[in-house]
Amino acid sequence: MSQAASVATHRSVVPLTSVHRVEADGIQVFYRSAGDASAPVVLLLHGFPTSSFMFRDLIPRLADQYRVIAPDLPGFGFTQVPEGRKYVYSFDALAGTIEAFTDVLSLDRYAIYVFDYGAPTGFRLATRHPERVTAIISQNGNAYEEGLGDAWGPIRTYWSVPTEANRDLLRQNILTLETTRWQYTHGVADFDSVAPESYTLDTALLERPGNKEIQLDLFLDYASNVKLYPKFQEYFRKSKPPLLAIWGKNDPFFIPAGAEAFQRDIPNAQVRFLDTGHFAIETHAEEIAAAMREFFEANGISGTGGAGMGR
């Protein structure tokens with residue numbers, strides 16, 4: 001077989017991921033995409049302090065059968081917010097931008113994968129447009145008080161007493177390379193199984209001028225998500241979307257009780273635990289992809305597209 005034929009064969013097995021930018025909500029939204037444009041859509045929503053880069057290993061494992069789209073939230077990754085936009089960083093605003101993004105791309109039906117900050121963002125989309133959501137995969141994406149671990153203690157203090165001193169405490173103790181690396185490696189059996197590019201890239205992007213203030217604003221506004229938990233739970237009870245909660249069981253932020261709680265409102269929800277930490281996808285992308293494909297097939301969300309490129 002010629003080298004060109006070999007490369008072509010390889011590409012047919014492993015779909016290529018491309019990067020794009022599109023204007024939505026007055027913002028240049030950066031996103032990664034792969035898969036046939038006619039295939040069922042899977043929308044991947046990342047969390048703090050990462051970006052769509054976290055899905056680099058998951059996207060090609062799904063894109064042979066699904067159109068996989070992973071945007072960077074405002075304030076993260078390579079999404080650009082013009083200064084003149086006067087953007088107010090809140091979770092309502094993040095959800096509004098992603099809603100506009102789905103409208104621009106004409107995504108009227110999609111499964112959502114939610115992780116960390118992606119959960120309150122995605123659950124807002126779901127409550128606004130329940131008819132659009134075909135399924136939910138929650139990977140350490142919380143919607144229950146009992147799912148909040150002790151690691152939230154300093155941020156809870158900031159919610160209660162939002163002083164400049166408490167804000168500075170978070171700036172000095174959370175928005176650092178050491179803490180970002182700890183988020184990736186805590187609860188992981190093998191430290192070296194986590195690619196250092198992950199937390200190194202996150203740290204570099206956190207260090208951009210003004211970005212730490214954005215993150216501190218979002219820390220404060222996270223309390224709004226907790227207030228919305230009853231509304232999210234009402235949506236679960238009423239709409240009963242197919243839901244797979246697949247969590248790193250050693251996560252200090254979103255503990256196993258949060259995954260198990262989904263079954264209270266969606267009795268048929270599937271709950272699986274992986275022996276890893278918060279960023280379960282860093283160490284268990286293959287297992288997560290396999291579980292998602294099985295879950296989609298069981299719920300009639302079978303991909304039929306080829307390995308072509310979506311937008």
# chains A, B, ... in the order shown; residues from 1 in each chain; ligands from 1
call {"tool": "select_by_dssp", "arguments": {"residues": "range 34-122 of chain A", "states": "strand (DSSP E)", "output": "list in words"}}
result
Ala34, Val41, Val42, Leu43, Leu44, Leu45, Arg67, Val68, Ile69, Ala70, Pro71, Tyr110, Ala111, Ile112, Tyr113 and Val114 of chain A
call {"tool": "write_last_selection", "arguments": {"atoms": "all heavy atoms", "output": "compact mmCIF listing (two decimals), in the first residue's frame"}}
result
# COMPACT_ATOMS: atom_id res chain seq x y z
N ALA A 34 -15.82 17.78 14.54
CA ALA A 34 -15.50 16.62 13.71
C ALA A 34 -16.78 15.83 13.48
O ALA A 34 -17.72 15.90 14.27
CB ALA A 34 -14.45 15.73 14.38
N VAL A 41 -25.92 15.21 16.69
CA VAL A 41 -24.97 16.15 17.28
C VAL A 41 -24.73 15.84 18.75
O VAL A 41 -25.66 15.56 19.51
CB VAL A 41 -25.49 17.60 17.15
CG1 VAL A 41 -24.57 18.58 17.88
CG2 VAL A 41 -25.61 17.98 15.68
N VAL A 42 -23.45 15.90 19.13
CA VAL A 42 -23.05 15.83 20.53
C VAL A 42 -22.31 17.13 20.84
O VAL A 42 -21.28 17.43 20.24
CB VAL A 42 -22.13 14.63 20.81
CG1 VAL A 42 -21.78 14.58 22.31
CG2 VAL A 42 -22.79 13.33 20.37
N LEU A 43 -22.86 17.91 21.76
CA LEU A 43 -22.31 19.20 22.15
C LEU A 43 -21.52 19.03 23.45
O LEU A 43 -22.09 18.62 24.47
CB LEU A 43 -23.44 20.22 22.34
CG LEU A 43 -23.06 21.64 22.75
CD1 LEU A 43 -22.24 22.33 21.65
CD2 LEU A 43 -24.33 22.45 23.06
N LEU A 44 -20.23 19.31 23.40
CA LEU A 44 -19.35 19.11 24.55
C LEU A 44 -19.08 20.45 25.24
O LEU A 44 -18.56 21.38 24.60
CB LEU A 44 -18.02 18.49 24.08
CG LEU A 44 -18.08 17.23 23.22
CD1 LEU A 44 -16.68 16.82 22.79
CD2 LEU A 44 -18.77 16.09 23.96
N LEU A 45 -19.41 20.53 26.51
CA LEU A 45 -19.25 21.77 27.26
C LEU A 45 -18.23 21.58 28.39
O LEU A 45 -18.47 20.83 29.33
CB LEU A 45 -20.60 22.23 27.82
CG LEU A 45 -21.68 22.52 26.76
CD1 LEU A 45 -22.99 22.92 27.44
CD2 LEU A 45 -21.22 23.61 25.79
N ARG A 67 -21.73 13.95 14.94
CA ARG A 67 -21.16 15.28 14.70
C ARG A 67 -20.84 15.86 16.08
O ARG A 67 -21.75 16.15 16.86
CB ARG A 67 -22.15 16.17 13.96
CG ARG A 67 -21.58 17.55 13.64
CD ARG A 67 -22.63 18.45 13.02
NE ARG A 67 -22.07 19.75 12.69
CZ ARG A 67 -22.80 20.82 12.38
NH1 ARG A 67 -24.13 20.73 12.34
NH2 ARG A 67 -22.23 21.97 12.10
N VAL A 68 -19.58 16.01 16.38
CA VAL A 68 -19.14 16.41 17.71
C VAL A 68 -18.64 17.85 17.66
O VAL A 68 -17.79 18.20 16.82
CB VAL A 68 -18.02 15.48 18.22
CG1 VAL A 68 -17.75 15.76 19.69
CG2 VAL A 68 -18.41 14.02 18.02
N ILE A 69 -19.17 18.68 18.54
CA ILE A 69 -18.86 20.11 18.53
C ILE A 69 -18.52 20.55 19.95
O ILE A 69 -19.29 20.30 20.89
CB ILE A 69 -20.06 20.93 18.00
CG1 ILE A 69 -20.35 20.53 16.54
CG2 ILE A 69 -19.78 22.43 18.10
CD1 ILE A 69 -21.61 21.15 15.98
N ALA A 70 -17.37 21.20 20.10
CA ALA A 70 -16.90 21.61 21.44
C ALA A 70 -16.45 23.07 21.41
O ALA A 70 -15.36 23.38 20.94
CB ALA A 70 -15.74 20.71 21.87
N PRO A 71 -17.30 23.99 21.90
CA PRO A 71 -16.91 25.40 21.94
C PRO A 71 -16.12 25.75 23.20
O PRO A 71 -16.22 25.06 24.22
CB PRO A 71 -18.27 26.12 21.95
CG PRO A 71 -19.17 25.16 22.69
CD PRO A 71 -18.69 23.77 22.31
N TYR A 110 -29.58 18.03 20.00
CA TYR A 110 -28.23 17.63 20.39
C TYR A 110 -28.24 16.94 21.74
O TYR A 110 -29.09 17.22 22.60
CB TYR A 110 -27.29 18.84 20.44
CG TYR A 110 -27.87 20.04 21.17
CD1 TYR A 110 -27.88 20.13 22.56
CD2 TYR A 110 -28.39 21.12 20.44
CE1 TYR A 110 -28.41 21.24 23.21
CE2 TYR A 110 -28.93 22.22 21.08
CZ TYR A 110 -28.93 22.28 22.47
OH TYR A 110 -29.47 23.37 23.10
N ALA A 111 -27.31 16.02 21.89
CA ALA A 111 -26.97 15.50 23.21
C ALA A 111 -25.92 16.43 23.80
O ALA A 111 -25.09 16.97 23.06
CB ALA A 111 -26.43 14.08 23.11
N ILE A 112 -25.95 16.62 25.11
CA ILE A 112 -24.94 17.49 25.72
C ILE A 112 -24.10 16.70 26.72
O ILE A 112 -24.62 15.90 27.49
CB ILE A 112 -25.55 18.73 26.41
CG1 ILE A 112 -26.70 18.35 27.37
CG2 ILE A 112 -26.01 19.74 25.39
CD1 ILE A 112 -27.21 19.53 28.18
N TYR A 113 -22.80 16.94 26.63
CA TYR A 113 -21.84 16.41 27.59
C TYR A 113 -21.46 17.58 28.47
O TYR A 113 -20.96 18.60 27.98
CB TYR A 113 -20.62 15.88 26.82
CG TYR A 113 -19.49 15.30 27.65
CD1 TYR A 113 -19.14 13.96 27.54
CD2 TYR A 113 -18.72 16.11 28.49
CE1 TYR A 113 -18.08 13.42 28.26
CE2 TYR A 113 -17.66 15.57 29.22
CZ TYR A 113 -17.35 14.24 29.10
OH TYR A 113 -16.29 13.71 29.81
N VAL A 114 -21.71 17.47 29.77
CA VAL A 114 -21.45 18.59 30.67
C VAL A 114 -20.43 18.19 31.73
O VAL A 114 -20.50 17.12 32.32
CB VAL A 114 -22.75 19.10 31.33
CG1 VAL A 114 -23.70 19.63 30.27
CG2 VAL A 114 -23.44 18.02 32.16
call {"tool": "residues_around", "arguments": {"residues": "Ala143 in chain A", "least_positions_apart": "3", "cutoff": "8 Å", "atoms": "only C-alpha atoms", "output": "list of chain:residue names"}}
result
A:Ala119, A:Pro120, A:Gly147, A:Val226, A:Tyr229, A:Phe232, A:Gln233, A:Gly258
call {"tool": "atom_distance", "arguments": {"atom1": "CA of Glu207 in chain A", "atom2": "CA of Ala189 in chain A"}}
result
28.7 Å
call {"tool": "closest_residue", "arguments": {"among": "A:Phe91, A:Phe236, A:Trp247, A:Phe279", "to": "Pro267 in chain A", "atoms": "only C-alpha atoms"}}
result
A:Phe236
call {"tool": "closest_residue", "arguments": {"among": "A:Asp192, A:Glu197, A:Asp72, A:Asp275", "to": "Lys249 in chain A", "atoms": "only C-alpha atoms"}}
result
A:Asp275
call {"tool": "residues_around", "arguments": {"residues": "range 284-294 of chain A", "least_positions_apart": "3", "cutoff": "10 Å", "atoms": "only C-alpha atoms", "output": "ChimeraX atom specification"}}
result
/A:54-62,65-66,113,136-137,139,193,244,246-248,272,274-276,279-281,297-299,301-303
call {"tool": "atom_distance", "arguments": {"atom1": "CA of Leu220 in chain A", "atom2": "CA of Arg264 in chain A"}}
result
28.4 Å
call {"tool": "closest_residue", "arguments": {"among": "A:Glu23, A:Glu260, A:Asp116, A:Asp103", "to": "Tyr222 in chain A", "atoms": "only C-alpha atoms"}}
result
A:Asp116
call {"tool": "select_by_dssp", "arguments": {"residues": "range 190-245 of chain A", "states": "helix (DSSP H, G or I)", "output": "MDAnalysis selection string"}}
result
chainID A and resid 191:193 196:206 211:239
call {"tool": "closest_residue", "arguments": {"among": "A:Ala100, A:Ile266, A:Leu218, A:Leu105", "to": "Ile155 in chain A", "atoms": "only C-alpha atoms"}}
result
A:Leu218
call {"tool": "closest_residue", "arguments": {"among": "A:Ala93, A:Val19, A:Leu216, A:Ala151", "to": "Glu164 in chain A", "atoms": "only C-alpha atoms"}}
result
A:Leu216
call {"tool": "residues_around", "arguments": {"residues": "Gln183 in chain A", "least_positions_apart": "5", "cutoff": "12 Å", "atoms": "only C-alpha atoms", "output": "PyMOL selection string"}}
result
chain A and resi 47-50+116+151+174-178+188+191+194+198-199+202-203+248+250-254+276-280+282
call {"tool": "atom_distance", "arguments": {"atom1": "CA of Thr157 in chain A", "atom2": "CA of Phe219 in chain A"}}
result
10.8 Å
call {"tool": "residues_around", "arguments": {"residues": "Ala95 in chain A", "least_positions_apart": "5", "cutoff": "8 Å", "atoms": "only C-alpha atoms", "output": "JSON, numbers by chain"}}
result
{"A": [121, 122, 124, 125]}
call {"tool": "closest_residue", "arguments": {"among": "A:Ala223, A:Leu206, A:Ala269, A:Leu107", "to": "Ser38 in chain A", "atoms": "only C-alpha atoms"}}
result
A:Leu107
